[in-house]
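Reproduced below: query_30.cif, with mmCIF, C-alpha atoms and all ligand atoms.
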```cif
data_target
#
loop_
_atom_site.label_atom_id
_atom_site.label_comp_id
_atom_site.auth_asym_id
_atom_site.auth_seq_id
_atom_site.Cartn_x
_atom_site.Cartn_y
_atom_site.Cartn_z
CA MET A 17 0.00 0.00 0.00
CA ALA A 18 1.55 3.30 -1.11
CA VAL A 19 2.23 5.80 1.70
CA VAL A 20 1.58 9.54 1.34
CA ARG A 21 4.37 12.08 1.37
CA ARG A 22 3.27 15.45 2.75
CA ASN A 23 4.60 18.94 3.38
CA VAL A 24 6.95 18.90 6.39
CA LEU A 25 5.18 21.92 7.89
CA THR A 26 1.87 20.05 8.22
CA SER A 27 2.69 16.34 7.80
CA PRO A 28 1.69 14.12 10.73
CA ASP A 29 4.85 12.15 9.83
CA SER A 30 7.29 14.98 10.61
CA ALA A 31 7.77 13.82 14.22
CA THR A 32 8.38 10.27 12.98
CA TYR A 33 11.00 11.63 10.60
CA VAL A 34 12.88 13.22 13.51
CA ALA A 35 12.58 10.07 15.62
CA GLY A 36 13.67 7.87 12.70
CA VAL A 37 16.72 9.99 11.86
CA LEU A 38 17.88 10.10 15.49
CA ASP A 39 17.34 6.34 15.80
CA LEU A 40 19.37 5.57 12.66
CA ALA A 41 22.13 7.93 13.82
CA SER A 42 22.48 6.11 17.15
CA ARG A 43 22.04 2.59 15.77
CA PRO A 44 25.39 0.94 14.93
CA THR A 45 25.88 -1.14 11.81
CA THR A 46 28.38 -3.99 11.75
CA THR A 47 30.38 -2.05 9.14
CA THR A 48 33.50 -0.05 9.94
CA PRO A 49 35.25 2.49 7.69
CA ALA A 50 38.20 0.06 7.53
CA ARG A 51 35.91 -2.61 6.12
CA LEU A 52 34.45 -0.24 3.54
CA ASN A 53 38.01 0.74 2.56
CA SER A 54 38.88 -2.87 1.77
CA GLY A 55 35.63 -3.52 -0.13
CA SER A 56 34.82 -3.64 -3.82
CA ILE A 57 33.45 -0.07 -4.05
CA VAL A 58 36.66 1.59 -2.86
CA GLU A 59 38.62 -0.73 -5.13
CA ARG A 60 36.61 0.67 -8.05
CA VAL A 61 36.26 4.24 -6.65
CA PRO A 62 39.49 5.10 -4.77
CA GLU A 63 38.17 8.63 -4.03
CA ALA A 64 35.53 7.08 -1.76
CA ARG A 65 38.28 5.89 0.64
CA ILE A 66 37.69 7.05 4.22
CA PHE A 67 40.62 8.66 6.07
CA GLY A 68 41.05 8.88 9.82
CA THR A 69 42.83 7.53 12.88
CA SER A 70 42.94 3.76 13.31
CA THR A 71 40.63 4.07 16.33
CA GLU A 72 38.00 5.86 14.26
CA LEU A 73 38.53 3.61 11.23
CA ASN A 74 37.75 0.55 13.32
CA ARG A 75 34.66 1.81 15.12
CA PRO A 76 31.34 0.70 13.55
CA LEU A 77 29.43 3.37 11.63
CA SER A 78 25.82 4.23 12.39
CA TRP A 79 23.12 3.56 9.79
CA TRP A 80 22.93 7.31 9.22
CA ASP A 81 26.70 7.44 8.52
CA LEU A 82 26.39 4.50 6.15
CA LEU A 83 23.66 6.27 4.18
CA THR A 84 25.97 9.29 3.89
CA TRP A 85 28.78 7.12 2.59
CA TRP A 86 26.47 5.63 -0.06
CA HIS A 87 26.01 9.17 -1.43
CA VAL A 88 29.74 9.88 -1.15
CA ALA A 89 30.60 6.71 -3.09
CA ALA A 90 28.13 7.55 -5.88
CA MET A 91 29.38 11.12 -6.06
CA HIS A 92 33.05 10.11 -6.24
CA TRP A 93 32.46 7.67 -9.11
CA PRO A 94 32.96 9.84 -12.20
CA THR A 95 31.18 9.29 -15.51
CA PRO A 96 32.24 10.79 -18.87
CA GLY A 97 31.09 14.40 -19.34
CA GLY A 98 31.80 15.62 -15.82
CA GLY A 99 29.00 13.85 -13.96
CA ASN A 100 29.04 10.92 -11.56
CA ARG A 101 26.85 7.94 -10.63
CA ALA A 102 24.25 10.19 -8.96
CA HIS A 103 24.68 13.73 -10.31
CA GLY A 104 25.47 15.80 -13.37
CA GLY A 105 23.44 13.61 -15.75
CA PRO A 106 20.10 11.85 -16.25
CA VAL A 107 20.60 9.40 -13.38
CA PHE A 108 20.26 12.29 -10.92
CA ALA A 109 16.47 11.85 -10.55
CA PRO A 110 16.19 8.02 -10.39
CA TRP A 111 19.29 7.55 -8.20
CA HIS A 112 17.97 9.94 -5.56
CA ARG A 113 14.50 8.37 -5.83
CA LEU A 114 15.96 4.99 -4.86
CA TYR A 115 18.13 6.58 -2.17
CA LEU A 116 15.17 8.34 -0.54
CA ARG A 117 12.99 5.25 -0.76
CA ARG A 118 15.60 3.16 1.07
CA LEU A 119 15.67 5.77 3.85
CA GLU A 120 11.86 5.83 3.97
CA GLU A 121 11.84 2.04 4.37
CA ALA A 122 14.54 2.21 7.07
CA ILE A 123 12.51 4.77 9.06
CA GLN A 124 9.36 2.66 8.66
CA SER A 125 11.32 -0.29 9.99
CA VAL A 126 13.03 1.34 13.02
CA THR A 127 9.93 3.28 14.13
CA GLY A 128 7.48 0.45 13.43
CA LYS A 129 5.31 2.88 11.42
CA ALA A 130 4.62 1.15 8.12
CA ASP A 131 2.53 4.10 6.90
CA PHE A 132 5.37 6.63 7.35
CA GLY A 133 5.91 8.83 4.29
CA LEU A 134 8.96 11.10 3.96
CA PRO A 135 8.03 14.76 4.34
CA TYR A 136 9.11 17.33 1.73
CA TRP A 137 10.22 20.96 2.05
CA ASP A 138 8.28 23.07 -0.43
CA TRP A 139 11.17 25.52 -0.76
CA ALA A 140 9.76 27.31 -3.81
CA GLU A 141 7.01 28.50 -1.48
CA ASP A 142 9.58 29.95 0.94
CA GLY A 143 11.43 31.37 -2.06
CA GLU A 144 8.51 33.78 -2.48
CA LEU A 145 9.34 35.39 0.88
CA ALA A 146 11.64 38.42 1.21
CA ALA A 147 15.29 37.38 1.72
CA ALA A 148 15.32 38.20 5.45
CA ASP A 149 12.06 36.31 6.01
CA GLN A 150 13.51 33.16 4.42
CA LEU A 151 15.77 32.89 7.48
CA THR A 152 12.85 32.96 9.91
CA ALA A 153 10.45 30.78 7.87
CA GLN A 154 8.60 27.94 9.60
CA ILE A 155 10.94 25.31 8.13
CA TRP A 156 13.61 26.18 10.72
CA GLU A 157 11.25 25.24 13.54
CA ARG A 158 11.14 21.78 11.98
CA VAL A 159 14.87 21.29 11.40
CA GLY A 160 16.67 23.58 13.85
CA PRO A 161 18.52 26.86 13.35
CA PRO A 162 19.52 28.11 9.86
CA ARG A 163 23.03 29.05 10.97
CA GLY A 164 25.75 27.73 13.25
CA GLN A 165 26.27 24.36 14.92
CA ILE A 166 22.99 22.51 15.22
CA THR A 167 22.86 21.62 18.92
CA THR A 168 19.32 22.84 19.55
CA GLY A 169 15.97 22.07 17.94
CA PRO A 170 14.64 18.66 16.82
CA PHE A 171 18.07 17.52 15.53
CA GLY A 172 20.11 19.04 18.35
CA GLU A 173 21.19 15.55 19.46
CA LEU A 174 22.24 14.42 15.98
CA ARG A 175 25.93 13.54 15.71
CA VAL A 176 27.72 12.42 12.54
CA ARG A 177 31.13 10.87 11.87
CA LEU A 178 31.72 10.98 8.11
CA VAL A 179 32.57 14.45 6.85
CA THR A 180 34.06 15.81 3.66
CA ASN A 181 37.18 17.89 4.30
CA PRO A 182 36.80 21.02 2.13
CA SER A 183 40.56 21.42 1.71
CA ASP A 184 41.14 18.10 -0.08
CA ASN A 185 37.53 17.08 -0.85
CA ALA A 186 38.21 13.67 0.74
CA ILE A 187 35.97 11.91 3.24
CA TYR A 188 37.17 11.55 6.84
CA VAL A 189 35.88 9.61 9.85
CA VAL A 190 35.97 11.80 12.95
CA PRO A 191 34.68 11.65 16.54
CA PRO A 192 30.90 12.31 16.60
CA GLN A 193 30.13 15.95 15.82
CA PRO A 194 27.00 18.07 15.27
CA ILE A 195 26.05 19.29 11.80
CA HIS A 196 26.25 22.98 10.91
CA ARG A 197 24.53 25.43 8.54
CA ALA A 198 25.24 28.85 7.05
CA ALA A 199 21.94 29.74 5.39
CA GLY A 200 21.89 32.72 3.07
CA LEU A 201 25.57 33.54 3.58
CA ASP A 202 26.91 32.30 0.22
CA SER A 203 26.67 35.06 -2.38
CA LEU A 204 25.99 32.36 -5.03
CA ALA A 205 22.62 31.59 -3.40
CA PRO A 206 21.45 34.27 -0.96
CA THR A 207 17.82 33.20 -1.48
CA LEU A 208 15.81 30.03 -2.25
CA PRO A 209 14.45 29.12 -5.71
CA THR A 210 11.05 30.60 -6.57
CA ARG A 211 7.74 29.26 -7.84
CA ASP A 212 8.55 30.76 -11.23
CA ASP A 213 11.80 28.73 -11.33
CA GLN A 214 9.79 25.62 -10.49
CA ARG A 215 7.07 26.29 -13.07
CA ARG A 216 9.55 26.94 -15.88
CA THR A 217 11.57 23.83 -14.95
CA ILE A 218 8.58 21.48 -15.02
CA ALA A 219 7.35 23.05 -18.28
CA ASN A 220 10.42 21.68 -20.12
CA ALA A 221 9.06 18.56 -21.85
CA MET A 222 12.51 17.09 -22.69
CA TYR A 223 13.65 14.92 -19.75
CA ASP A 224 17.28 15.05 -20.81
CA ARG A 225 19.31 15.16 -24.00
CA ILE A 226 22.72 14.71 -25.49
CA ASP A 227 25.39 15.42 -24.12
CA TRP A 228 23.63 14.27 -20.91
CA ASN A 229 25.73 16.65 -18.81
CA ARG A 230 25.68 19.90 -16.83
CA SER A 231 25.07 22.18 -19.80
CA THR A 232 22.11 20.60 -21.59
CA ASP A 233 18.80 22.44 -22.02
CA SER A 234 16.63 19.82 -20.32
CA PHE A 235 14.21 19.27 -17.46
CA ARG A 236 16.75 17.19 -15.52
CA ASN A 237 19.50 19.78 -15.82
CA LYS A 238 17.18 22.58 -14.67
CA LEU A 239 15.78 20.44 -11.85
CA GLU A 240 19.26 19.52 -10.65
CA GLY A 241 20.09 23.20 -11.03
CA TRP A 242 23.14 23.48 -13.26
CA ARG A 243 21.11 25.54 -15.74
CA ASP A 244 18.68 28.39 -15.14
CA ALA A 245 15.13 27.62 -16.30
CA ARG A 246 14.83 31.07 -17.93
CA ASN A 247 15.83 31.86 -21.46
CA PRO A 248 18.53 32.97 -21.96
CA PRO A 249 19.88 31.24 -18.85
CA ARG A 250 21.51 33.45 -16.24
CA PRO A 251 24.75 32.20 -14.67
CA GLY A 252 24.37 30.81 -11.16
CA VAL A 253 23.03 27.85 -9.21
CA TRP A 254 19.33 27.00 -9.37
CA MET A 255 16.59 24.73 -8.05
CA HIS A 256 18.00 21.67 -6.16
CA ASN A 257 21.63 22.86 -6.25
CA ARG A 258 20.61 26.28 -4.99
CA VAL A 259 18.96 24.77 -1.90
CA HIS A 260 22.23 22.98 -1.03
CA VAL A 261 24.22 26.18 -1.43
CA PHE A 262 21.59 28.33 0.33
CA VAL A 263 21.59 26.11 3.45
CA GLY A 264 25.39 25.78 3.27
CA GLY A 265 27.61 24.24 5.96
CA SER A 266 27.10 20.47 6.15
CA MET A 267 24.69 20.69 3.18
CA GLY A 268 27.50 21.73 0.82
CA PRO A 269 29.85 18.80 0.13
CA ALA A 270 29.53 15.10 -0.79
CA SER A 271 28.70 14.30 2.86
CA SER A 272 25.59 16.54 2.64
CA PRO A 273 23.13 13.74 3.58
CA ASN A 274 24.47 14.23 7.13
CA ASP A 275 21.97 17.10 7.42
CA PRO A 276 18.37 15.79 7.59
CA VAL A 277 17.42 18.84 5.46
CA PHE A 278 19.10 16.98 2.57
CA PHE A 279 16.21 14.49 2.41
CA LEU A 280 13.54 17.19 2.74
CA ASN A 281 15.16 19.02 -0.18
CA HIS A 282 15.45 15.86 -2.27
CA CYS A 283 11.92 14.77 -1.43
CA ASN A 284 10.75 18.07 -2.92
CA THR A 285 12.98 17.52 -5.96
CA ASP A 286 11.46 14.06 -6.36
CA ARG A 287 7.98 15.62 -6.06
CA GLN A 288 8.89 18.01 -8.87
CA TRP A 289 10.04 15.04 -10.99
CA GLU A 290 6.76 13.31 -10.16
CA GLY A 291 4.94 16.47 -11.31
CA TRP A 292 6.90 16.29 -14.56
CA LEU A 293 6.21 12.53 -15.03
CA THR A 294 2.49 13.13 -14.49
CA LYS A 295 2.43 15.99 -16.97
CA HIS A 296 4.72 14.72 -19.72
CA GLY A 297 4.49 10.92 -19.41
CA ARG A 298 6.40 8.25 -17.47
CA THR A 299 9.43 8.01 -19.71
CA TYR A 300 13.19 8.12 -19.16
CA LEU A 301 16.21 8.86 -21.32
CA PRO A 302 18.81 7.76 -22.39
CA ALA A 303 17.82 4.36 -23.74
CA PRO A 304 20.22 1.47 -23.03
CA THR A 305 23.82 2.22 -24.17
CA GLN A 306 22.78 5.63 -25.59
CA GLY A 307 24.33 7.69 -22.79
CA PRO A 308 27.14 7.70 -20.21
CA PRO A 309 27.63 4.38 -18.35
CA GLY A 310 25.57 4.34 -15.16
CA HIS A 311 23.01 6.83 -16.54
CA CYS A 312 21.08 4.69 -19.07
CA ALA A 313 17.59 3.31 -18.53
CA GLU A 314 18.72 -0.24 -17.72
CA ASP A 315 21.97 0.50 -15.85
CA PRO A 316 21.87 -0.56 -12.18
CA LEU A 317 21.69 2.42 -9.81
CA LEU A 318 24.76 2.40 -7.56
CA SER A 319 23.88 0.91 -4.21
CA ILE A 320 25.88 -0.44 -1.27
CA VAL A 321 24.09 -2.67 1.22
CA TRP A 322 20.56 -1.85 0.05
CA PRO A 323 18.99 -3.61 -2.97
CA SER A 324 19.57 -1.76 -6.24
CA MET A 325 17.17 -1.09 -9.12
CA ARG A 326 17.31 0.40 -12.63
CA PRO A 327 16.01 3.84 -13.71
CA SER A 328 13.30 2.22 -15.87
CA GLN A 329 11.95 0.47 -12.75
CA VAL A 330 11.37 3.57 -10.60
CA LEU A 331 9.24 5.72 -12.94
CA ASP A 332 5.88 5.04 -11.27
CA PRO A 333 6.30 4.97 -7.47
CA GLY A 334 2.57 5.21 -6.68
CA SER A 335 1.37 2.12 -8.57
CA PRO A 336 2.11 -1.61 -8.52
CA PRO A 337 4.55 -3.24 -8.74
CA LEU A 338 6.34 -0.56 -6.67
CA ASP A 339 3.37 0.83 -4.71
CA TRP A 340 5.86 2.92 -2.70
CA TYR A 341 4.35 6.39 -2.20
CA ARG A 342 2.42 9.26 -3.70
CA TYR A 343 2.46 12.99 -2.95
CA ASP A 344 -0.44 14.82 -1.34
CA ARG A 345 0.08 17.62 -3.87
CA LEU A 346 2.09 17.92 -7.06
CA PRO A 347 3.60 21.16 -8.33
CA ALA A 348 2.27 22.26 -11.73
CU CU A 401 21.19 17.10 -3.40
#
```

For this file, produce the structure as structure tokens.
Ligand SMILES: [Cu+2]
Amino acid sequence: MAVVRRNVLTSPDSATYVAGVLDLASRPTTTTPARLNSGSIVERVPEARIFGTSTELNRPLSWWDLLTWWHVAAMHWPTPGGGNRAHGGPVFAPWHRLYLRRLEEAIQSVTGKADFGLPYWDWAEDGELAAADQLTAQIWERVGPPRGQITTGPFGELRVRLVTNPSDNAIYVVPPQPIHRAAGLDSLAPTLPTRDDQRRTIANAMYDRIDWNRSTDSFRNKLEGWRDARNPPRPGVWMHNRVHVFVGGSMGPASSPNDPVFFLNHCNTDRQWEGWLTKHGRTYLPAPTQGPPGHCAEDPLLSIVWPSMRPSQVLDPGSPPLDWYRYDRLPA
């Protein structure tokens, strides 16, 4: 039975989201960074290697840390054209759909709430507010303060161990530390995307196109946010990317899933894709072998311990055989 994903400001599942995240972050796996370093993914993707002291390398990771490393591994696996196994190409939408669904299932499992649906952050709504008001919007009551170390609010207890070091872009295992944010402080993204950005993005009927990269004029590239949805495109960061940069801090680098806001942002991005699929038809490009490896319709989505799927299999989440979820409201 498909669950319903609702706006985080009003969803009855928002409290379960907090409880689920905190549970996963305090629940140890049997996997250590040292074990991941000697596994097949790091053999194939050396940039996903985790650095740290031998004490830290040999302490088991939490489930929350392991989810973060899944994203790190996908992001550090380059594909031709400048993208990777989860970004910078058509696989962006289906890879994150699988990633979010595996988190949704994990939260259902640890909280015992089989009807839990991930909440989304309708950031285009907040993007209509004046810049100063975006920093006092209701979202911050749900996720904690927009700036500084997050030691208060619903996620004040959250501690993470896998962090990207900005100086060498590598991933390190560290003693447990809180996440941090710097909302609105990056001049690249002083404000959130707007409803107009969202409308223009979803209006683009072409899912993606050759060269399947960060410069194509396509729905996926505008949704991910490498290209402005206006014509001619203005330079800058837009839509999904802009939300990462706007929130800043832990939301910036490859370890960005450390911040629970990551999943609220991506749930909204998935909702926008679902709006597009409803409007333009449940199709995906590129066809097998017609695009970069890892991005084609029948290429397995990179996964670690969770079962993988192919892009062609995740195009209709609300109906059998998936029957995963639907959204209470789709953007037009
Ligand atoms: Cu993202």

Which residue, A:Pro182, A:Pro308, A:Pro316, A:Pro333, has the smallest gap to Pro94 (chain A) when you use all atoms listed in the file?
A:Pro308

With only C-alpha atoms and all ligand atoms as the atoms that count, which of A:Asn181, A:Thr95, A:Gln165, A:Thr84 lies nearest to ligand CU 401 (chain A)?
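With only C-alpha atoms and all ligand atoms as the atom set, the closest residue is A:Thr84.
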
Show me, as number ranges by chain, the residues that have an atom within 12 Å of region 34-47 of chain A when counting only C-alpha atoms, minus same-chain residues fewer than 6 positions from it.
A: 24, 28, 53-55, 73-85, 119-129, 132-135, 158-160, 169-178, 192-194, 273-280, 320-321

Please write out the residues within 10 Å of ligand CU 401 (chain A) as a PyMOL selection string, counting only C-alpha atoms and all ligand atoms.
chain A and resi 87+102-103+108+112+240-241+256-261+267-270+272-273+277-283+285

Find the distance between CA of Ser70 (chain A) and CA of Asn185 (chain A) and write it in Å to one decimal.
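Interatomic distance here is 20.2 Å.
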
Edge lengths and centre, in Å to one decimal, as JSON: that's what I need for the box along x, y and z that holds all listed atoms of region 27-38 of chain A plus 5 Å on each side.
```
{"center_x": 9.8, "center_y": 12.1, "center_z": 11.7, "size_x": 26.2, "size_y": 18.5, "size_z": 17.8}
```

Between A:Pro337, A:Pro161, A:Pro347, A:Pro249, which one has atoms that come closest to Asn284 (chain A), using only C-alpha atoms?
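Between A:Pro337, A:Pro161, A:Pro347, A:Pro249, the residue approaching Asn284 (chain A) most closely is A:Pro347.
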
Output as a Markdown table one row per residue of region 134-225 of chain A within 10 Å of region 293-304 of chain A: the closest atom pair and its distance in Å to one decimal place, counting only C-alpha atoms, sorted by chain and residue number ascending.
```
| residue | atom | partner | partner_atom | distance |
| --- | --- | --- | --- | --- |
| A:Ile218 | CA | A:Lys295 | CA | 8.5 |
| A:Ala219 | CA | A:Lys295 | CA | 8.7 |
| A:Asn220 | CA | A:His296 | CA | 9.0 |
| A:Ala221 | CA | A:His296 | CA | 6.2 |
| A:Met222 | CA | A:His296 | CA | 8.7 |
| A:Tyr223 | CA | A:Leu301 | CA | 6.8 |
| A:Asp224 | CA | A:Leu301 | CA | 6.3 |
| A:Arg225 | CA | A:Leu301 | CA | 7.5 |
```

So which one's closest to Met91 (chain A), A:Trp292, A:Ser271, A:Asn247, A:Asp149? Using all atoms listed in the file, please.
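Nearest to Met91 (chain A): A:Ser271.
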
In Å to one decimal, how far is CA of Pro206 (chain A) from CA of Gly143 (chain A)?
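Between CA of Gly143 (chain A) and CA of Pro206 (chain A) the gap is 10.5 Å.
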
I'd like the interatomic distance between CA of Tyr343 (chain A) and CA of Asp212 (chain A), to a tenth of an Å.
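For CA of Tyr343 (chain A) relative to CA of Asp212 (chain A), the distance reads 20.5 Å.
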
Compile the contact shell of Asp244 (chain A) as number ranges by chain: residues with an atom at most 12 Å away, counting only C-alpha atoms, same-chain residues fewer than 5 positions apart removed.
A: 209-210, 212-217, 220, 230-239, 249-258

So that I can check the surroundings of Gln329 (chain A), please list as a list of chain:residue names every protein, DNA and RNA residue that reaches within 9 Å of it, counting all atoms listed in the file and ignoring chain neighbours fewer than 5 positions away.
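Once the nearby chain positions are removed, what remains is A:Pro110, A:Ala313, A:Glu314, A:Leu338.
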
Which residue out of A:Trp322, A:Gln154, A:Gly334, A:Asp286 has the minimum interatomic distance to Arg113 (chain A) when only C-alpha atoms are used?
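Using only C-alpha atoms, Arg113 (chain A) sits closest to A:Asp286.
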
Distance criterion (all atoms listed in the file): nearest to His311 (chain A) out of A:Arg163, A:Arg287, A:Arg101, A:Arg21
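Ranked by minimum distance to His311 (chain A), first place goes to A:Arg101.
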
Do a neighbour search on His92 (chain A) at 7 Å with all atoms listed in the file, toss out local chain neighbours closer than 6 positions, and write the hits as a list in words.
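The neighbour list is Val61, Glu63, Ala64 and Asn100 of chain A.
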